[in-house]
>>> print(open('work_3.csv').read())   # CSV, C-alpha atoms and all ligand atoms
chain,number,residue,atom,x,y,z
J,1,MET,CA,4.7,-31.3,-26.7
J,2,GLN,CA,5.9,-34.8,-26.1
J,3,ILE,CA,3.6,-37.4,-27.4
J,4,ARG,CA,2.4,-39.9,-24.9
J,5,LYS,CA,-0.5,-42.3,-24.8
J,6,THR,CA,-2.7,-42.6,-21.9
J,7,ILE,CA,-3.8,-46.0,-20.9
J,8,LEU,CA,-7.3,-46.4,-19.5
J,9,LEU,CA,-7.3,-48.8,-16.6
J,10,ALA,CA,-10.3,-50.9,-15.7
J,11,PHE,CA,-11.8,-49.9,-19.0
J,12,THR,CA,-14.2,-52.8,-19.3
J,13,ALA,CA,-15.6,-52.5,-15.8
J,14,PHE,CA,-16.1,-48.9,-16.4
J,15,ILE,CA,-18.0,-49.3,-19.6
J,16,ALA,CA,-20.3,-51.8,-18.0
J,17,SER,CA,-21.7,-49.2,-15.6
J,18,PHE,CA,-23.0,-46.9,-18.3
J,19,VAL,CA,-25.7,-47.1,-20.8
J,20,PHE,CA,-24.8,-44.8,-23.5
J,21,ILE,CA,-21.5,-45.1,-25.4
J,22,THR,CA,-20.4,-43.1,-28.4
J,23,GLY,CA,-17.8,-43.6,-31.1
J,24,ASN,CA,-16.4,-46.7,-32.8
J,25,ALA,CA,-13.3,-45.8,-34.8
J,26,HIS,CA,-10.0,-47.5,-34.0
J,27,ALA,CA,-7.7,-44.8,-35.2
J,28,ASP,CA,-5.9,-42.7,-32.7
J,29,GLU,CA,-6.9,-39.0,-33.0
J,30,GLY,CA,-4.4,-36.1,-33.3
J,31,ILE,CA,-5.6,-32.8,-32.0
J,32,VAL,CA,-3.8,-29.7,-33.3
J,33,GLU,CA,-2.4,-27.3,-30.7
J,34,GLY,CA,-0.6,-24.8,-32.9
J,35,SER,CA,-2.5,-22.2,-35.0
J,36,SER,CA,-2.1,-22.3,-38.7
J,37,LEU,CA,0.0,-25.5,-38.5
J,38,ASN,CA,1.7,-26.5,-41.8
J,39,ILE,CA,0.5,-29.9,-43.3
J,40,ARG,CA,3.3,-31.2,-45.5
J,41,ASN,CA,3.6,-34.0,-48.0
J,42,GLY,CA,6.4,-35.8,-46.1
J,43,PRO,CA,7.9,-36.1,-42.6
J,44,GLY,CA,10.2,-33.0,-42.5
J,45,THR,CA,10.2,-29.3,-43.1
J,46,GLU,CA,12.0,-29.9,-46.4
J,47,TYR,CA,8.7,-31.3,-47.8
J,48,GLU,CA,6.2,-29.1,-49.5
J,49,SER,CA,3.3,-27.5,-47.5
J,50,ILE,CA,0.0,-28.9,-48.8
J,51,GLY,CA,-2.4,-27.1,-46.4
J,52,ARG,CA,-2.9,-25.8,-42.9
J,53,ALA,CA,-4.6,-26.9,-39.7
J,54,ASP,CA,-5.8,-24.8,-36.9
J,55,THR,CA,-6.0,-25.1,-33.1
J,56,GLY,CA,-8.6,-27.7,-32.0
J,57,GLU,CA,-8.9,-29.5,-35.3
J,58,SER,CA,-8.6,-33.2,-35.1
J,59,PHE,CA,-7.5,-35.9,-37.5
J,60,PRO,CA,-7.2,-39.7,-37.5
J,61,VAL,CA,-3.5,-40.6,-37.0
J,62,VAL,CA,-2.0,-43.0,-39.6
J,63,GLN,CA,1.5,-43.4,-38.1
J,64,GLN,CA,4.3,-41.5,-36.4
J,65,VAL,CA,7.9,-41.4,-37.7
J,66,ASN,CA,10.3,-39.7,-35.3
J,67,ASP,CA,9.0,-36.2,-34.7
J,68,TRP,CA,6.4,-36.3,-37.5
J,69,VAL,CA,2.9,-37.6,-37.5
J,70,GLU,CA,1.0,-38.7,-40.6
J,71,ILE,CA,-2.6,-37.7,-40.5
J,72,GLU,CA,-5.6,-38.7,-42.6
J,73,LEU,CA,-7.0,-35.8,-44.7
J,74,GLN,CA,-10.2,-35.7,-46.6
J,75,HIS,CA,-8.2,-36.7,-49.7
J,76,GLY,CA,-5.1,-38.7,-48.9
J,77,THR,CA,-2.7,-38.0,-46.0
J,78,GLY,CA,-0.3,-35.4,-44.8
J,79,TRP,CA,2.4,-34.9,-42.2
J,80,VAL,CA,2.5,-32.5,-39.3
J,81,SER,CA,5.2,-31.8,-36.7
J,82,ALA,CA,4.5,-33.9,-33.6
J,83,GLU,CA,5.4,-30.9,-31.5
J,84,PHE,CA,2.1,-29.2,-32.3
J,85,ILE,CA,-0.3,-32.1,-32.0
J,86,THR,CA,-1.6,-34.2,-29.1
J,87,ILE,CA,-2.5,-37.8,-29.8
J,88,ASN,CA,-5.3,-39.5,-27.9
J,89,GLU,CA,-5.5,-43.2,-28.0
J,90,SER,CA,-8.8,-44.3,-29.5
J,91,ALA,CA,-9.8,-46.1,-26.3
J,92,ILE,CA,-10.0,-42.8,-24.6
J,93,ASN,CA,-11.9,-40.9,-27.3
J,94,ASP,CA,-14.4,-43.6,-27.9
J,95,THR,CA,-15.5,-43.9,-24.3
J,96,THR,CA,-17.2,-40.6,-23.7
J,97,VAL,CA,-20.4,-41.6,-22.0
J,98,LEU,CA,-23.3,-39.6,-20.6
J,99,ASP,CA,-24.3,-40.2,-17.1
J,100,GLU,CA,-27.7,-41.7,-16.9
J,101,ASP,CA,-28.2,-41.4,-13.2
J,102,PRO,CA,-29.9,-38.2,-12.4
J,103,ASP,CA,-28.7,-38.3,-8.8
J,104,ILE,CA,-25.1,-37.7,-9.7
J,105,SER,CA,-25.7,-35.0,-12.3
J,106,SER,CA,-23.6,-32.5,-10.4
J,107,ILE,CA,-20.4,-32.3,-8.4
J,108,THR,CA,-18.8,-30.0,-5.9
J,109,ILE,CA,-15.1,-29.1,-6.0
J,110,LYS,CA,-13.2,-30.3,-2.9
J,111,TYR,CA,-10.1,-28.2,-3.1
J,112,GLN,CA,-9.2,-24.5,-3.8
J,113,ASN,CA,-7.9,-23.9,-7.4
J,114,THR,CA,-8.7,-27.3,-8.7
J,115,GLN,CA,-7.4,-27.6,-12.3
J,116,LEU,CA,-9.9,-27.9,-15.1
J,117,ARG,CA,-8.4,-29.2,-18.3
J,118,GLU,CA,-9.3,-29.1,-22.0
J,119,GLY,CA,-9.5,-32.9,-22.2
J,120,PRO,CA,-9.7,-36.0,-20.0
J,121,SER,CA,-6.0,-36.4,-19.2
J,122,THR,CA,-3.1,-34.4,-17.7
J,123,GLU,CA,-1.8,-34.2,-21.2
J,124,TYR,CA,-4.3,-31.4,-21.9
J,125,ASP,CA,-3.8,-27.8,-21.1
J,126,ILE,CA,-5.3,-26.3,-18.0
J,127,VAL,CA,-8.2,-24.1,-19.1
J,128,ASN,CA,-9.6,-22.9,-15.7
J,129,PHE,CA,-9.1,-23.1,-12.0
J,130,ALA,CA,-12.2,-24.0,-10.0
J,131,GLU,CA,-12.8,-22.7,-6.5
J,132,LYS,CA,-13.4,-24.9,-3.5
J,133,GLY,CA,-17.1,-25.4,-3.1
J,134,ALA,CA,-18.0,-24.5,-6.7
J,135,VAL,CA,-20.8,-26.7,-8.1
J,136,PHE,CA,-20.8,-28.0,-11.7
J,137,ASP,CA,-23.1,-30.1,-13.9
J,138,ILE,CA,-21.6,-33.2,-15.3
J,139,ILE,CA,-21.8,-33.3,-19.1
J,140,SER,CA,-19.9,-36.6,-19.7
J,141,THR,CA,-17.6,-39.1,-18.1
J,142,THR,CA,-14.4,-40.4,-19.5
J,143,GLY,CA,-12.3,-42.8,-17.4
J,144,GLU,CA,-11.2,-41.0,-14.3
J,145,TRP,CA,-12.5,-37.7,-15.5
J,146,TYR,CA,-15.7,-35.7,-15.6
J,147,GLU,CA,-16.5,-33.1,-18.2
J,148,VAL,CA,-18.2,-30.4,-16.2
J,149,VAL,CA,-19.9,-27.0,-16.8
J,150,ASN,CA,-21.4,-24.2,-14.8
J,151,GLU,CA,-22.3,-20.6,-15.5
J,152,THR,CA,-18.7,-19.4,-15.6
J,153,GLN,CA,-16.4,-22.3,-16.3
J,154,THR,CA,-16.1,-25.6,-18.3
J,155,GLY,CA,-13.5,-28.3,-18.5
J,156,PHE,CA,-12.4,-31.8,-17.4
J,157,VAL,CA,-11.8,-32.5,-13.8
J,158,LEU,CA,-10.4,-35.6,-12.1
J,159,LYS,CA,-13.1,-37.6,-10.2
J,160,GLU,CA,-11.0,-37.8,-7.1
J,161,LEU,CA,-11.0,-34.0,-6.7
J,162,VAL,CA,-14.7,-33.7,-6.5
J,163,GLU,CA,-17.7,-34.8,-4.5
J,164,LYS,CA,-20.9,-35.9,-6.1
J,165,SER,CA,-23.9,-33.9,-5.2
J,166,ASP,CA,-27.6,-34.0,-6.0
J,167,ASP,CA,-28.5,-30.4,-5.2
J,168,LYS,CA,-31.5,-29.8,-7.4
J,169,LEU,CA,-31.8,-26.3,-6.2
J,170,ARG,CA,-28.7,-24.9,-7.8
J,171,ASN,CA,-28.8,-22.8,-11.0
J,172,LYS,CA,-31.9,-21.2,-9.8
J,173,GLY,CA,-31.1,-18.4,-12.1
J,174,PHE,CA,-31.9,-20.5,-15.2
J,175,LYS,CA,-34.7,-22.6,-13.8
J,176,ASN,CA,-38.1,-21.6,-15.2
J,177,LYS,CA,-36.5,-19.2,-17.6
J,178,THR,CA,-37.4,-19.2,-21.3
J,179,VAL,CA,-34.6,-18.3,-23.6
J,180,VAL,CA,-35.4,-17.7,-27.3
J,181,ILE,CA,-32.3,-18.3,-29.4
J,182,ASP,CA,-32.4,-16.6,-32.8
J,183,ALA,CA,-29.7,-17.9,-35.2
J,184,GLY,CA,-29.4,-15.1,-37.8
J,185,HIS,CA,-30.3,-15.5,-41.4
J,186,GLY,CA,-31.0,-19.0,-42.9
J,187,GLY,CA,-32.1,-20.6,-46.1
J,188,ARG,CA,-31.7,-18.3,-49.1
J,189,ASP,CA,-30.5,-15.5,-46.8
J,190,VAL,CA,-27.0,-16.7,-46.2
J,191,GLY,CA,-26.0,-13.5,-44.3
J,192,ALA,CA,-22.4,-12.3,-44.5
J,193,ILE,CA,-19.9,-14.4,-46.5
J,194,GLY,CA,-16.5,-15.0,-44.9
J,195,ALA,CA,-13.0,-14.5,-46.3
J,196,ASN,CA,-12.8,-18.3,-47.1
J,197,GLY,CA,-16.4,-18.4,-48.3
J,198,SER,CA,-18.3,-19.7,-45.3
J,199,PHE,CA,-21.8,-18.3,-44.6
J,200,GLU,CA,-22.9,-16.4,-41.6
J,201,LYS,CA,-26.1,-18.4,-41.3
J,202,ASP,CA,-24.1,-21.6,-40.8
J,203,ILE,CA,-21.8,-20.3,-38.1
J,204,ALA,CA,-24.8,-18.7,-36.3
J,205,SER,CA,-26.3,-22.2,-36.3
J,206,LEU,CA,-23.2,-23.7,-34.7
J,207,THR,CA,-23.5,-21.1,-32.0
J,208,ALA,CA,-27.2,-21.6,-31.6
J,209,GLN,CA,-26.8,-25.4,-31.1
J,210,GLU,CA,-24.0,-25.0,-28.6
J,211,LEU,CA,-25.9,-22.4,-26.7
J,212,GLU,CA,-29.1,-24.5,-26.7
J,213,GLN,CA,-27.2,-27.4,-25.2
J,214,ALA,CA,-25.5,-25.3,-22.5
J,215,LEU,CA,-28.7,-23.6,-21.4
J,216,LYS,CA,-30.7,-26.8,-21.3
J,217,LEU,CA,-28.1,-28.3,-19.1
J,218,LEU,CA,-28.6,-25.4,-16.7
J,219,GLY,CA,-32.3,-26.0,-16.6
J,220,ALA,CA,-33.6,-23.3,-18.9
J,221,ASN,CA,-36.5,-23.7,-21.3
J,222,VAL,CA,-34.9,-23.1,-24.7
J,223,LEU,CA,-36.7,-22.2,-27.9
J,224,LEU,CA,-35.2,-21.6,-31.4
J,225,THR,CA,-36.6,-19.3,-34.0
J,226,ARG,CA,-35.2,-21.7,-36.6
J,227,GLN,CA,-34.4,-25.3,-36.1
J,228,GLN,CA,-32.5,-25.8,-39.4
J,229,ASP,CA,-31.2,-24.0,-42.5
J,230,GLU,CA,-34.5,-22.3,-43.5
J,231,PHE,CA,-35.6,-18.8,-44.3
J,232,ILE,CA,-37.5,-17.1,-41.5
J,233,SER,CA,-38.5,-13.5,-41.9
J,234,LEU,CA,-37.4,-11.0,-39.2
J,235,THR,CA,-41.0,-10.2,-38.3
J,236,SER,CA,-41.7,-13.9,-37.8
J,237,ARG,CA,-38.8,-14.1,-35.4
J,238,VAL,CA,-40.0,-11.2,-33.4
J,239,THR,CA,-43.6,-12.4,-33.4
J,240,TYR,CA,-42.5,-15.7,-32.0
J,241,SER,CA,-40.5,-14.0,-29.2
J,242,ASN,CA,-43.5,-11.8,-28.4
J,243,PHE,CA,-45.9,-14.8,-28.4
J,244,VAL,CA,-44.0,-17.2,-26.1
J,245,ASP,CA,-43.1,-16.5,-22.5
J,246,THR,CA,-39.6,-15.1,-23.4
J,247,ASP,CA,-37.3,-14.1,-20.6
J,248,ALA,CA,-34.4,-13.4,-23.0
J,249,PHE,CA,-34.3,-13.2,-26.8
J,250,ILE,CA,-30.7,-13.6,-28.1
J,251,SER,CA,-30.0,-13.0,-31.8
J,252,LEU,CA,-26.7,-14.5,-33.0
J,253,HIS,CA,-24.8,-12.9,-35.9
J,254,TYR,CA,-21.3,-12.6,-37.3
J,255,ASN,CA,-19.9,-9.5,-39.0
J,256,SER,CA,-18.0,-8.8,-42.2
J,257,VAL,CA,-16.1,-5.9,-43.7
J,258,PRO,CA,-14.3,-7.5,-46.7
J,259,GLU,CA,-12.4,-4.4,-47.5
J,260,LEU,CA,-10.8,-4.4,-44.0
J,261,PRO,CA,-9.8,-8.0,-43.4
J,262,ASN,CA,-7.8,-7.2,-40.3
J,263,VAL,CA,-10.8,-5.9,-38.4
J,264,SER,CA,-12.0,-8.1,-35.5
J,265,GLY,CA,-14.0,-7.9,-32.4
J,266,ILE,CA,-17.3,-8.5,-30.6
J,267,GLU,CA,-20.2,-6.0,-30.4
J,268,THR,CA,-23.6,-6.2,-28.7
J,269,PHE,CA,-26.8,-4.3,-29.4
J,270,TYR,CA,-30.0,-3.5,-27.5
J,271,TYR,CA,-32.9,-1.2,-28.4
J,272,ALA,CA,-34.9,-0.4,-25.3
J,273,LYS,CA,-32.9,1.2,-22.5
J,274,GLN,CA,-34.2,-1.4,-20.0
J,275,ASN,CA,-32.3,-4.0,-22.0
J,276,ALA,CA,-29.0,-2.3,-21.5
J,277,SER,CA,-28.1,-4.3,-18.4
J,278,MET,CA,-28.8,-7.6,-20.0
J,279,ALA,CA,-26.7,-6.5,-23.0
J,280,ASN,CA,-23.8,-5.4,-20.8
J,281,TYR,CA,-23.8,-8.6,-18.7
J,282,ILE,CA,-23.8,-10.8,-21.8
J,283,HIS,CA,-21.2,-8.6,-23.6
J,284,ASP,CA,-18.9,-8.6,-20.6
J,285,GLY,CA,-19.3,-12.4,-20.3
J,286,ILE,CA,-18.3,-12.9,-23.9
J,287,ILE,CA,-15.3,-10.6,-23.8
J,288,GLY,CA,-14.2,-12.3,-20.6
J,289,ALA,CA,-14.5,-15.8,-22.0
J,290,THR,CA,-12.9,-15.2,-25.4
J,291,GLY,CA,-10.5,-12.3,-24.8
J,292,GLY,CA,-11.8,-10.9,-28.1
J,293,SER,CA,-11.5,-7.2,-28.9
J,294,ASP,CA,-14.2,-5.2,-27.3
J,295,ARG,CA,-16.3,-3.1,-29.7
J,296,GLY,CA,-18.8,-2.4,-26.9
J,297,ALA,CA,-22.5,-2.8,-26.1
J,298,HIS,CA,-24.6,-0.1,-27.8
J,299,GLU,CA,-28.1,0.9,-28.6
J,300,GLY,CA,-28.9,-0.2,-32.1
J,301,ASP,CA,-32.1,0.3,-34.2
J,302,LEU,CA,-32.4,-3.3,-35.4
J,303,LEU,CA,-35.8,-4.7,-36.3
J,304,VAL,CA,-35.6,-7.9,-34.2
J,305,LEU,CA,-34.9,-5.6,-31.2
J,306,ARG,CA,-37.1,-2.6,-32.0
J,307,LEU,CA,-40.3,-4.7,-32.4
J,308,ASN,CA,-39.5,-7.1,-29.6
J,309,MET,CA,-41.5,-6.6,-26.5
J,310,LYS,CA,-39.3,-9.0,-24.5
J,311,PRO,CA,-35.8,-8.5,-23.1
J,312,SER,CA,-33.7,-8.8,-26.3
J,313,VAL,CA,-30.1,-8.4,-27.5
J,314,LEU,CA,-28.3,-8.9,-30.8
J,315,LEU,CA,-24.8,-10.2,-30.7
J,316,GLU,CA,-22.2,-9.7,-33.4
J,317,LEU,CA,-19.8,-12.4,-32.3
J,318,GLY,CA,-16.9,-11.8,-34.7
J,319,PHE,CA,-15.7,-10.9,-38.1
J,320,MET,CA,-15.8,-13.6,-40.8
J,321,SER,CA,-14.0,-11.2,-43.2
J,322,ASN,CA,-10.9,-11.8,-41.0
J,323,PRO,CA,-9.5,-15.1,-42.4
J,324,GLU,CA,-7.9,-16.1,-39.1
J,325,LYS,CA,-11.1,-15.4,-37.1
J,326,GLU,CA,-13.2,-17.1,-39.7
J,327,ALA,CA,-11.2,-20.3,-39.2
J,328,LEU,CA,-11.4,-20.0,-35.5
J,329,LEU,CA,-15.2,-19.5,-35.5
J,330,HIS,CA,-15.5,-23.0,-37.1
J,331,THR,CA,-13.8,-24.7,-34.2
J,332,ASN,CA,-15.8,-26.2,-31.4
J,333,GLY,CA,-13.4,-25.0,-28.8
J,334,TYR,CA,-14.0,-21.4,-29.7
J,335,GLN,CA,-17.7,-21.9,-30.1
J,336,LYS,CA,-17.7,-23.3,-26.5
J,337,LYS,CA,-15.8,-20.2,-25.3
J,338,LEU,CA,-18.4,-17.9,-26.9
J,339,VAL,CA,-21.2,-19.8,-25.4
J,340,SER,CA,-19.7,-20.0,-21.9
J,341,GLY,CA,-19.4,-16.2,-22.1
J,342,ILE,CA,-23.0,-15.7,-23.2
J,343,VAL,CA,-24.2,-18.2,-20.5
J,344,ASP,CA,-22.1,-16.5,-17.8
J,345,GLY,CA,-23.6,-13.0,-18.6
J,346,LEU,CA,-27.1,-14.3,-19.0
J,347,GLY,CA,-26.8,-16.1,-15.6
J,348,LYS,CA,-25.7,-12.9,-13.9
J,349,TYR,CA,-28.5,-11.0,-15.6
J,350,PHE,CA,-31.1,-13.5,-14.4
J,351,ASN,CA,-29.7,-13.4,-10.9
J,352,SER,CA,-29.9,-9.6,-11.0
J,353,THR,CA,-33.6,-9.7,-11.8
J,354,ASN,CA,-34.6,-12.4,-9.3
M,401,ZN,ZN,-26.3,-11.1,-39.6
>>> encode(input="work_3.csv", output="structure tokens")
Amino acid sequence: MQIRKTILLAFTAFIASFVFITGNAHADEGIVEGSSLNIRNGPGTEYESIGRADTGESFPVVQQVNDWVEIELQHGTGWVSAEFITINESAINDTTVLDEDPDISSITIKYQNTQLREGPSTEYDIVNFAEKGAVFDIISTTGEWYEVVNETQTGFVLKELVEKSDDKLRNKGFKNKTVVIDAGHGGRDVGAIGANGSFEKDIASLTAQELEQALKLLGANVLLTRQQDEFISLTSRVTYSNFVDTDAFISLHYNSVPELPNVSGIETFYYAKQNASMANYIHDGIIGATGGSDRGAHEGDLLVLRLNMKPSVLLELGFMSNPEKEALLHTNGYQKKLVSGIVDGLGKYFNSTN
């Protein structure tokens, strides 16, 4: 991909109209587009590889020499081929702002098959096409772009392609619904250990936080069985779910079979038959959003499900013993995909019960 910089026009006037501004660094940011991209100790393939970077990872850019970009690493710097990296000027990255005006919290798509992109410029890949009339919540605003989300899609859309709306009645499916998110393991119970040594409890937390944010945006009441890295017994988790007004209990886990590092896939469990439809909706949502291998939705005799008196599912969202998948699970891009799938399925389930 050709490297170009996007210049933000009317930047100052734009900033003045918002309250909340994040970011401060002046360095341009390079976002990796290739998977398992070689990081070298000089600007050419003849230089030694000193590490690898994966899709979606970002690094401060030091300089560019011809087709090679020097990036800042945790210790020192390295070089990557410019072909596999997109550079964003700092002015763009640092102006993500949250809309403070509740009246323009959602938008309606004006044209059929409107492009949703991975980032706030036409340099980014198209990740979705939105239908005419589709309604989205605004997550943030960057220049001429909105970052938007609804039950099935997420991405960045040009402001001129949408109409602002203040329809407070949408997302009825999630309004007044209580979702208990159960990030598996925690504290001294690290859960499975990945091929590169990461802990299941930590990746489950990443998913829990992302899911919490997405569901809150859609108007759900969201509760977590653990807020941080702490040990909570299985029975405490279930007792909590049974005690509060739970409409859906979602337990988040990751799998491991160290002796079979190539195994991958997503699997969903339920215990009571009446929870099969919720499990199927969510499972299909995740497979649809991630394209992950489908290990099915099954009955499973798991304590957090068996003792749960509320609608409950347990998701095994991928194999940490697969080194490639383990790296992918740490990326925010993939976590967002997983979560959009869960939200999509859960929304369909809630609509089916209304
Ligand atoms: Zn687990």
>>> residues_around(input="work_3.csv", residues="range 301-312 of chain J", least_positions_apart="4", cutoff="12 Å", atoms="only C-alpha atoms", output="NGL selection string")
:J and (178-185 or 225 or 232-252 or 268-280 or 282 or 346 or 349-350 or 353)
>>> closest_atom_pairs(input="work_3.csv", of="chain J", to="ligand ZN 401 (chain M)", cutoff="8 Å", atoms="only C-alpha atoms and all ligand atoms", output="CSV")
residue,atom,partner,partner_atom,distance
J:Gly184,CA,M:ZN401,ZN,5.4
J:His185,CA,M:ZN401,ZN,6.2
J:Gly191,CA,M:ZN401,ZN,5.3
J:Ala192,CA,M:ZN401,ZN,6.4
J:Glu200,CA,M:ZN401,ZN,6.6
J:Lys201,CA,M:ZN401,ZN,7.5
J:Leu252,CA,M:ZN401,ZN,7.4
J:His253,CA,M:ZN401,ZN,4.4
J:Tyr254,CA,M:ZN401,ZN,5.7
J:Asn255,CA,M:ZN401,ZN,6.6
J:Glu316,CA,M:ZN401,ZN,7.6
>>> closest_residue(input="work_3.csv", among="J:Thr141, J:Ser35, J:Gln153, J:Thr122", to="Phe84 in chain J", atoms="only C-alpha atoms")
J:Ser35
>>> atom_distance(input="work_3.csv", atom1="CA of Glu267 in chain J", atom2="CA of Arg52 in chain J")
29.1 Å
>>> residues_around(input="work_3.csv", residues="Gly42 in chain J", least_positions_apart="6", cutoff="9 Å", atoms="all atoms listed in the file", output="ChimeraX atom specification")
/J:48-49,68,70,78-80
>>> residues_around(input="work_3.csv", residues="Asp67 in chain J", least_positions_apart="2", cutoff="12 Å", atoms="only C-alpha atoms", output="PyMOL selection string")
chain J and resi 1-3+42-45+63-65+69-70+79-85
>>> atom_distance(input="work_3.csv", atom1="CA of Asp189 in chain J", atom2="CA of Ser205 in chain J")
13.1 Å
>>> closest_residue(input="work_3.csv", among="J:Val149, J:Leu224, J:Val162, J:Val313", to="Lys336 in chain J", atoms="only C-alpha atoms")
J:Val149
>>> residues_around(input="work_3.csv", residues="Tyr146 in chain J", least_positions_apart="4", cutoff="6 Å", atoms="all atoms listed in the file", output="ChimeraX atom specification")
/J:140-141,156-157
>>> residues_around(input="work_3.csv", residues="Ile31 in chain J", least_positions_apart="3", cutoff="7 Å", atoms="all atoms listed in the file", output="MDAnalysis selection string")
chainID J and resid 56:59 85:87
>>> closest_residue(input="work_3.csv", among="J:Asp137, J:Glu118, J:Glu163, J:Asp125", to="Leu215 in chain J", atoms="only C-alpha atoms")
J:Asp137
>>> closest_residue(input="work_3.csv", among="J:Ile342, J:Leu223, J:Ile71, J:Ala297", to="Glu151 in chain J", atoms="only C-alpha atoms")
J:Ile342
>>> closest_residue(input="work_3.csv", among="J:Phe129, J:Phe136, J:Tyr124, J:Tyr334", to="Leu317 in chain J", atoms="all atoms listed in the file")
J:Tyr334
>>> atom_distance(input="work_3.csv", atom1="CA of Ser293 in chain J", atom2="CA of Val222 in chain J")
28.6 Å
>>> closest_residue(input="work_3.csv", among="J:Ile193, J:Ile109, J:Ala204, J:Ile126", to="Leu314 in chain J", atoms="all atoms listed in the file")
J:Ala204
>>> residues_near_point(input="work_3.csv", point="(-11.4, -1.4, -30.2)", cutoff="10 Å", atoms="all atoms listed in the file", output="list in words")
Val263, Ser264, Gly265, Ile266, Glu267, Gly292, Ser293, Asp294, Arg295 and Gly296 of chain J
>>> decode(input="work_3.csv", residues="range 302-342 of chain J", atoms="C-alpha atoms", output="PDB file, in the first residue's frame")
ATOM      1  CA  LEU J 302     -20.411 -26.713  33.279  1.00  0.00           C
ATOM      2  CA  LEU J 303     -20.959 -25.443  36.795  1.00  0.00           C
ATOM      3  CA  VAL J 304     -21.581 -21.778  35.926  1.00  0.00           C
ATOM      4  CA  LEU J 305     -24.332 -22.980  33.587  1.00  0.00           C
ATOM      5  CA  ARG J 306     -25.755 -25.907  35.560  1.00  0.00           C
ATOM      6  CA  LEU J 307     -26.398 -23.915  38.733  1.00  0.00           C
ATOM      7  CA  ASN J 308     -27.489 -20.814  36.855  1.00  0.00           C
ATOM      8  CA  MET J 309     -31.212 -20.111  37.011  1.00  0.00           C
ATOM      9  CA  LYS J 310     -30.916 -17.349  34.406  1.00  0.00           C
ATOM     10  CA  PRO J 311     -30.389 -17.594  30.627  1.00  0.00           C
ATOM     11  CA  SER J 312     -26.704 -18.457  30.394  1.00  0.00           C
ATOM     12  CA  VAL J 313     -24.033 -19.473  27.914  1.00  0.00           C
ATOM     13  CA  LEU J 314     -20.309 -20.167  28.061  1.00  0.00           C
ATOM     14  CA  LEU J 315     -18.197 -19.153  25.074  1.00  0.00           C
ATOM     15  CA  GLU J 316     -14.863 -20.746  24.175  1.00  0.00           C
ATOM     16  CA  LEU J 317     -13.695 -17.980  21.868  1.00  0.00           C
ATOM     17  CA  GLY J 318     -10.508 -19.464  20.421  1.00  0.00           C
ATOM     18  CA  PHE J 319      -7.416 -21.540  21.021  1.00  0.00           C
ATOM     19  CA  MET J 320      -4.521 -19.872  22.791  1.00  0.00           C
ATOM     20  CA  SER J 321      -2.396 -22.962  22.128  1.00  0.00           C
ATOM     21  CA  ASN J 322      -2.397 -21.969  18.453  1.00  0.00           C
ATOM     22  CA  PRO J 323       0.442 -19.375  18.313  1.00  0.00           C
ATOM     23  CA  GLU J 324      -1.062 -17.436  15.401  1.00  0.00           C
ATOM     24  CA  LYS J 325      -4.478 -17.264  17.045  1.00  0.00           C
ATOM     25  CA  GLU J 326      -2.949 -16.330  20.365  1.00  0.00           C
ATOM     26  CA  ALA J 327      -1.324 -13.283  18.747  1.00  0.00           C
ATOM     27  CA  LEU J 328      -4.573 -12.400  16.986  1.00  0.00           C
ATOM     28  CA  LEU J 329      -6.572 -12.601  20.229  1.00  0.00           C
ATOM     29  CA  HIS J 330      -4.451  -9.813  21.690  1.00  0.00           C
ATOM     30  CA  THR J 331      -5.346  -7.381  18.904  1.00  0.00           C
ATOM     31  CA  ASN J 332      -8.119  -4.892  19.514  1.00  0.00           C
ATOM     32  CA  GLY J 333      -9.335  -5.371  15.944  1.00  0.00           C
ATOM     33  CA  TYR J 334     -10.054  -9.047  16.530  1.00  0.00           C
ATOM     34  CA  GLN J 335     -11.540  -8.451  19.979  1.00  0.00           C
ATOM     35  CA  LYS J 336     -13.923  -5.964  18.364  1.00  0.00           C
ATOM     36  CA  LYS J 337     -14.924  -8.596  15.803  1.00  0.00           C
ATOM     37  CA  LEU J 338     -15.618 -11.163  18.517  1.00  0.00           C
ATOM     38  CA  VAL J 339     -17.668  -8.653  20.460  1.00  0.00           C
ATOM     39  CA  SER J 340     -19.655  -7.458  17.451  1.00  0.00           C
ATOM     40  CA  GLY J 341     -20.572 -11.114  16.843  1.00  0.00           C
ATOM     41  CA  ILE J 342     -21.669 -11.641  20.452  1.00  0.00           C
TER      42      ILE J 342
END
